[in-house]
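Source file target23.cif; content: mmCIF, C-alpha atoms.
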```
data_data
loop_
_atom_site.label_atom_id
_atom_site.label_comp_id
_atom_site.auth_asym_id
_atom_site.auth_seq_id
_atom_site.Cartn_x
_atom_site.Cartn_y
_atom_site.Cartn_z
CA MET U 110 0.00 0.00 0.00
CA GLU U 111 2.79 2.41 0.89
CA GLY U 112 5.29 2.42 -1.94
CA ILE U 113 8.39 2.70 0.22
CA PRO U 114 8.55 1.14 3.68
CA HIS U 115 8.88 3.70 6.46
CA PRO U 116 11.27 3.20 9.38
CA ILE U 117 9.61 1.90 12.54
CA PRO U 118 9.63 4.57 15.29
CA ARG U 119 11.06 3.30 18.58
CA THR U 120 11.47 6.39 20.80
CA VAL U 121 8.96 8.98 22.02
CA GLU U 122 10.41 11.56 19.64
CA GLU U 123 10.30 9.17 16.69
CA VAL U 124 6.72 8.15 17.43
CA PHE U 125 5.71 11.82 17.67
CA THR U 126 7.43 12.57 14.36
CA ASP U 127 5.55 9.65 12.80
CA PHE U 128 2.31 11.04 14.30
CA GLN U 129 2.99 14.52 12.89
CA GLY U 130 3.63 13.17 9.39
CA ARG U 131 0.49 11.04 9.30
CA ARG U 132 -1.55 13.91 10.76
CA ALA U 133 -0.29 16.35 8.11
CA GLY U 134 -1.26 13.94 5.35
CA LEU U 135 -4.76 13.46 6.74
CA ILE U 136 -5.28 17.20 7.18
CA MET U 137 -4.19 17.74 3.59
CA ALA U 138 -6.78 15.20 2.41
CA LEU U 139 -9.57 16.91 4.34
CA THR U 140 -8.65 20.52 3.49
CA THR U 141 -6.28 21.35 0.63
CA ASP U 142 -7.02 18.16 -1.35
CA VAL U 143 -10.65 17.86 -0.28
CA GLU U 144 -12.01 17.83 -3.87
CA LYS U 145 -9.74 14.94 -4.82
CA PHE U 146 -10.54 13.12 -1.58
CA TYR U 147 -14.30 13.58 -2.11
CA GLN U 148 -14.14 12.17 -5.63
CA GLN U 149 -12.21 9.09 -4.53
CA CYS U 150 -14.83 8.16 -1.91
CA GLY U 151 -17.71 7.14 -4.14
CA PRO U 152 -20.37 5.17 -2.22
CA GLU U 153 -20.57 2.66 -5.09
CA LYS U 154 -17.04 1.46 -4.31
CA GLU U 155 -16.05 -1.20 -1.79
CA ASN U 156 -15.22 -0.48 1.86
CA LEU U 157 -12.58 2.27 1.78
CA CYS U 158 -10.20 3.66 4.41
CA LEU U 159 -8.30 6.94 4.61
CA TYR U 160 -4.61 6.41 5.39
CA GLY U 161 -2.08 9.04 6.43
CA PHE U 162 1.61 8.26 6.00
CA PRO U 163 4.71 9.50 7.88
CA ASN U 164 5.92 11.34 4.77
CA GLU U 165 2.88 13.69 4.99
CA THR U 166 0.94 12.03 2.17
CA TRP U 167 -2.48 10.37 2.18
CA GLU U 168 -4.29 7.61 0.34
CA VAL U 169 -7.82 6.25 0.02
CA ASN U 170 -7.63 2.50 -0.35
CA LEU U 171 -9.10 -0.85 0.61
CA PRO U 172 -8.11 -2.20 4.04
CA VAL U 173 -5.03 -4.41 4.21
CA GLU U 174 -5.63 -8.13 3.72
CA GLU U 175 -3.13 -9.14 6.40
CA VAL U 176 -4.76 -10.55 9.55
CA PRO U 177 -3.99 -9.30 12.07
CA PRO U 178 -2.76 -6.09 10.40
CA GLU U 179 0.74 -4.79 11.07
CA LEU U 180 -0.72 -1.52 12.40
CA PRO U 181 -4.18 -0.54 13.70
CA GLU U 182 -6.50 0.10 10.75
CA PRO U 183 -8.44 3.34 10.07
CA ALA U 184 -12.25 3.43 10.09
CA LEU U 185 -13.67 1.12 7.42
CA GLY U 186 -16.28 2.20 4.87
CA ILE U 187 -15.95 5.98 5.11
CA ASN U 188 -17.27 6.26 1.55
CA PHE U 189 -20.70 4.76 2.32
CA ALA U 190 -21.85 7.76 4.35
CA ARG U 191 -20.62 10.38 1.87
CA ASP U 192 -23.88 11.06 0.03
CA GLY U 193 -26.13 10.44 3.03
CA MET U 194 -25.17 13.58 4.95
CA GLN U 195 -23.99 17.15 4.47
CA GLU U 196 -20.44 17.33 3.16
CA LYS U 197 -19.15 19.30 6.14
CA ASP U 198 -20.69 16.78 8.53
CA TRP U 199 -19.20 13.88 6.59
CA LEU U 200 -15.74 15.49 6.61
CA SER U 201 -16.09 16.12 10.35
CA LEU U 202 -16.97 12.47 10.88
CA VAL U 203 -13.94 11.32 8.90
CA ALA U 204 -11.80 13.77 10.89
CA VAL U 205 -12.98 12.30 14.21
CA HIS U 206 -12.20 8.76 13.08
CA SER U 207 -8.81 9.95 11.78
CA ASP U 208 -7.96 11.45 15.18
CA SER U 209 -8.84 8.15 16.84
CA TRP U 210 -6.71 6.20 14.37
CA LEU U 211 -3.68 8.45 14.89
CA LEU U 212 -3.81 7.91 18.65
CA ALA U 213 -4.20 4.16 18.15
CA VAL U 214 -1.13 4.00 15.91
CA ALA U 215 0.98 6.16 18.23
CA PHE U 216 0.19 4.16 21.34
CA TYR U 217 0.52 0.89 19.45
CA PHE U 218 4.16 1.82 18.91
CA GLY U 219 4.39 2.82 22.57
CA ALA U 220 3.08 -0.56 23.69
CA ARG U 221 5.20 -2.47 21.20
CA PHE U 222 8.42 -0.89 22.37
CA GLY U 223 7.62 -0.87 26.08
CA PHE U 224 7.00 2.79 26.83
CA GLY U 225 6.65 3.32 30.57
CA LYS U 226 4.26 5.65 32.38
CA THR U 227 6.57 8.67 32.00
CA GLU U 228 7.14 8.06 28.29
CA ARG U 229 3.44 7.55 27.59
CA LYS U 230 2.59 10.74 29.45
CA ARG U 231 5.23 12.71 27.55
CA LEU U 232 4.00 11.35 24.22
CA PHE U 233 0.41 12.26 25.03
CA GLN U 234 1.41 15.78 26.11
CA MET U 235 3.31 16.31 22.85
CA ILE U 236 0.30 15.10 20.86
CA ASN U 237 -2.15 17.10 22.97
CA ASP U 238 -0.30 20.35 22.22
CA LEU U 239 -1.44 20.04 18.59
CA PRO U 240 -5.01 20.80 17.47
CA THR U 241 -6.94 17.67 16.54
CA ILE U 242 -7.78 17.02 12.91
CA PHE U 243 -11.43 17.63 13.80
CA GLU U 244 -10.55 21.05 15.23
CA VAL U 245 -8.57 21.96 12.12
CA VAL U 246 -11.25 20.79 9.68
CA THR U 247 -14.11 22.51 11.50
CA GLY U 248 -12.11 25.62 12.38
CA SER U 249 -12.92 25.26 16.08
CA ALA U 250 -9.25 25.22 17.12
CA LYS U 251 -8.93 28.99 16.77
CA GLN U 252 -12.42 30.35 16.14
CA SER U 253 -13.91 29.44 19.52
CA LYS U 254 -11.20 31.44 21.25
CA ASP U 255 -10.69 34.34 18.86
CA GLN U 256 -14.31 35.05 17.92
CA SER U 257 -15.48 35.39 21.53
CA ALA U 258 -12.55 37.70 22.26
CA ALA U 259 -13.10 39.79 19.14
CA HIS U 260 -16.87 40.23 19.52
CA ASN U 261 -17.59 40.04 23.25
CA ASN U 262 -14.60 41.66 24.95
CA GLY U 263 -13.84 45.09 23.54
CA SER U 264 -10.97 45.88 25.88
CA LYS U 265 -9.16 42.66 25.10
CA SER U 266 -10.26 42.09 21.52
CA LYS U 267 -7.56 40.88 19.17
CA ALA U 268 -7.47 41.73 15.50
CA CYS U 269 -7.32 38.88 13.03
CA GLY U 270 -3.95 40.37 12.20
CA LYS U 271 -2.05 43.43 11.11
CA VAL U 272 -2.03 42.89 7.38
CA SER U 273 -0.44 44.17 4.25
CA GLN U 274 -3.20 44.89 1.77
CA ALA U 275 -2.99 43.81 -1.86
CA LYS U 276 -6.28 44.66 -3.58
CA GLY U 277 -8.24 43.70 -0.46
CA VAL U 278 -6.46 40.40 0.29
CA LYS U 279 -5.16 39.96 3.83
CA MET U 280 -1.60 38.72 3.72
CA SER U 281 1.54 38.51 5.81
CA ALA U 282 1.52 37.83 9.55
CA PRO U 283 -1.38 37.40 11.99
CA LEU U 284 0.12 39.55 14.72
CA LYS U 285 -1.14 40.43 18.17
CA GLU U 286 -2.77 43.83 18.76
CA GLU U 287 -1.11 46.30 21.12
CA ASP U 288 -3.02 47.98 23.93
CA GLU U 289 -2.99 51.73 24.67
CA SER U 290 0.21 51.49 26.72
CA GLY U 291 2.02 50.03 23.71
CA GLU U 292 2.46 46.61 25.28
CA GLU U 293 1.27 43.42 23.63
CA GLU U 294 -1.38 41.39 25.37
CA GLU U 295 0.10 38.51 27.26
CA ASP U 296 -2.73 36.03 26.75
CA ASP U 297 -2.82 33.70 23.76
CA GLU U 298 0.95 33.95 23.33
CA GLN U 299 0.87 30.90 21.12
CA GLY U 300 -0.44 33.13 18.29
CA ALA U 301 -2.51 32.04 15.34
CA THR U 302 -2.55 28.54 13.90
CA CYS U 303 -2.76 27.55 10.23
CA GLY U 304 -6.27 26.48 9.22
CA ALA U 305 -4.82 23.72 7.04
CA CYS U 306 -1.97 22.09 8.97
CA GLY U 307 -2.69 23.41 12.48
CA ASP U 308 0.89 24.55 13.11
CA ASN U 309 1.60 27.81 14.94
CA TYR U 310 2.54 31.05 13.23
CA ALA U 311 6.22 31.61 12.43
CA SER U 312 7.47 35.06 11.45
CA ASP U 313 9.62 33.77 8.59
CA GLU U 314 6.70 32.27 6.65
CA PHE U 315 4.15 33.79 4.27
CA TRP U 316 0.54 33.68 5.47
CA ILE U 317 -2.77 34.60 3.87
CA CYS U 318 -6.19 35.15 5.46
CA CYS U 319 -9.48 33.90 4.00
CA ASP U 320 -11.86 36.82 3.47
CA MET U 321 -14.85 34.57 4.14
CA CYS U 322 -14.05 32.70 7.38
CA GLU U 323 -11.07 34.90 8.44
CA ARG U 324 -8.87 31.89 9.16
CA TRP U 325 -5.15 32.17 8.48
CA PHE U 326 -3.21 29.74 6.30
CA HIS U 327 0.41 29.11 5.36
CA GLY U 328 0.76 30.12 1.73
CA LYS U 329 2.44 26.78 1.02
CA CYS U 330 -0.50 24.85 2.55
CA VAL U 331 -3.04 26.43 0.18
CA LYS U 332 -0.60 26.77 -2.73
CA ILE U 333 -0.60 30.58 -2.77
CA THR U 334 2.63 32.52 -3.24
CA PRO U 335 3.11 36.22 -2.34
CA ALA U 336 3.27 37.03 -6.06
CA LYS U 337 0.05 35.16 -6.78
CA ALA U 338 -1.69 36.81 -3.82
CA GLU U 339 -1.00 40.25 -5.30
CA HIS U 340 -3.51 39.46 -8.05
CA ILE U 341 -6.28 38.09 -5.82
CA LYS U 342 -9.04 40.58 -5.03
CA GLN U 343 -10.81 38.36 -2.49
CA TYR U 344 -9.21 35.15 -1.21
CA LYS U 345 -11.36 32.12 -0.34
CA CYS U 346 -9.75 29.14 1.37
CA PRO U 347 -10.42 25.61 -0.03
CA SER U 348 -13.19 24.94 2.50
CA CYS U 349 -15.07 28.16 1.75
CA SER U 350 -14.62 27.65 -2.01
CA ASN U 351 -16.14 24.17 -1.74
CA LYS U 352 -19.15 25.51 0.17
CA ARG U 353 -19.85 27.87 -2.71
CA THR U 354 -19.37 25.41 -5.55
CA ARG U 355 -21.13 22.28 -4.25
CA VAL U 356 -24.79 22.42 -3.20
#
```

Could you write out this structure as structure tokens?
Amino acid sequence: MEGIPHPIPRTVEEVFTDFQGRRAGLIMALTTDVEKFYQQCGPEKENLCLYGFPNETWEVNLPVEEVPPELPEPALGINFARDGMQEKDWLSLVAVHSDSWLLAVAFYFGARFGFGKTERKRLFQMINDLPTIFEVVTGSAKQSKDQSAAHNNGSKSKACGKVSQAKGVKMSAPLKEEDESGEEEEDDEQGATCGACGDNYASDEFWICCDMCERWFHGKCVKITPAKAEHIKQYKCPSCSNKRTRV
């Protein structure tokens, strides 16, 4: 199924790296590549699974024939529910099952290589610091915190970001707003997270903000370069674009 065998992680750091790679691939399937993913999940096909790989790629395929499987298997038959519910609800359901599968794979490695209580706790804490796939796909990772602050708390409201304007498109860095004394607010020091991969903002990377849902994205995650952004009057992220095109 995977063209090139991946090395088996044996330490907490290696298991976490494996987790990050598989997670990135799954998030790509459910956000940036959502059109391709949707098309591959026809209900007329056999039981299908969504796999994420350590090299940050994804694949929709039949379950492995090996019994028992080498690794825990993802949810079976994700394609059967596709046309029976709203697309966003279906994607959310796949995201929840993907989160469960990632944890199963990570702690399978932990059990296989004898992680003790301290190692298991450290692995979970590293994983728990990342937004879940469900939170990334639904936008709840950042919106629940930022929207309430922006709309309900005037004294502590935070702007979506200080932006450089190019024909109305919000680009550059989602920075924190300064208060009247000139000091930055101390809360939410983690900053914004990318709506596609869930990683935190880094000052050396290009970001762009969706004009519809006001979520920030790495340019590389949504395949937008600074030069390309200069010619966009109103940017819509992949999720918002899909909502407009598919009824």

Expected selection from the PyMOL selection byres ((chain U and resi 148-164) around 8), given as a CSV table (one decimal) with C-alpha atoms, in the frame of the given file:
```csv
chain,number,residue,atom,x,y,z
U,111,GLU,CA,2.8,2.4,0.9
U,115,HIS,CA,8.9,3.7,6.5
U,126,THR,CA,7.4,12.6,14.4
U,127,ASP,CA,5.6,9.6,12.8
U,128,PHE,CA,2.3,11.0,14.3
U,129,GLN,CA,3.0,14.5,12.9
U,130,GLY,CA,3.6,13.2,9.4
U,131,ARG,CA,0.5,11.0,9.3
U,132,ARG,CA,-1.6,13.9,10.8
U,133,ALA,CA,-0.3,16.4,8.1
U,134,GLY,CA,-1.3,13.9,5.4
U,135,LEU,CA,-4.8,13.5,6.7
U,144,GLU,CA,-12.0,17.8,-3.9
U,145,LYS,CA,-9.7,14.9,-4.8
U,146,PHE,CA,-10.5,13.1,-1.6
U,147,TYR,CA,-14.3,13.6,-2.1
U,165,GLU,CA,2.9,13.7,5.0
U,166,THR,CA,0.9,12.0,2.2
U,167,TRP,CA,-2.5,10.4,2.2
U,168,GLU,CA,-4.3,7.6,0.3
U,169,VAL,CA,-7.8,6.2,0.0
U,170,ASN,CA,-7.6,2.5,-0.4
U,171,LEU,CA,-9.1,-0.8,0.6
U,172,PRO,CA,-8.1,-2.2,4.0
U,183,PRO,CA,-8.4,3.3,10.1
U,184,ALA,CA,-12.2,3.4,10.1
U,185,LEU,CA,-13.7,1.1,7.4
U,186,GLY,CA,-16.3,2.2,4.9
U,187,ILE,CA,-16.0,6.0,5.1
U,188,ASN,CA,-17.3,6.3,1.6
U,189,PHE,CA,-20.7,4.8,2.3
U,190,ALA,CA,-21.8,7.8,4.4
U,191,ARG,CA,-20.6,10.4,1.9
U,192,ASP,CA,-23.9,11.1,0.0
U,207,SER,CA,-8.8,10.0,11.8
```

Atom-to-atom span, atom CA of Pro240 of chain U and atom CA of Cys330 of chain U, Å: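 Taking atom CA of Pro240 of chain U as the start and atom CA of Cys330 of chain U as the end point, the length is 16.1 Å.
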
Protein/DNA/RNA residues near (1.4, 0.9, 18.0), cut 10 Å, only C-alpha atoms, as a ChimeraX atom specification: /U:117-119,124,179-181,211-222

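Picture a line from atom CA of Pro116 of chain U to atom CA of Ala204 of chain U; it runs 25.4 Å.
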
Pull the closest atom pair for each residue of segment 124-239 of chain U that gets at most 8 Å from segment 301-317 of chain U, along with the distance in Å to one decimal, counting all atoms listed in the file, ordering rows by chain and then ascending residue number, as CSV.
```
residue,atom,partner,partner_atom,distance
U:Ala133,CA,U:Cys306,CA,6.0
U:Ile136,CA,U:Cys306,CA,6.2
U:Met137,CA,U:Ala305,CA,6.9
U:Thr140,CA,U:Ala305,CA,6.1
U:Thr141,CA,U:Ala305,CA,7.0
U:Leu239,CA,U:Gly307,CA,7.1
```

Local residues around (-9.6, 13.8, 11.9), at most 9 Å away, using all atoms listed in the file, as a PyMOL selection string: chain U and resi 132+135-136+139+200-211+241-246

Shell of 10 Å around Phe233 of chain U, only C-alpha atoms, local chain residues under 3 positions omitted, as a list in words: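 Here the qualifying residues turn out to be Val121, Phe125, Leu212, Ala215, Phe216, Thr227, Glu228, Arg229, Lys230, Ile236, Asn237 and Asp238 of chain U.
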
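Interatomic distance, atom CA of Lys332 of chain U against atom CA of Ser350 of chain U: 14.1 Å.
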
Nearest candidate to Cys322 of chain U (options U:Gln195, U:Thr247, U:Thr120, U:Gln234; using only C-alpha atoms): U:Thr247
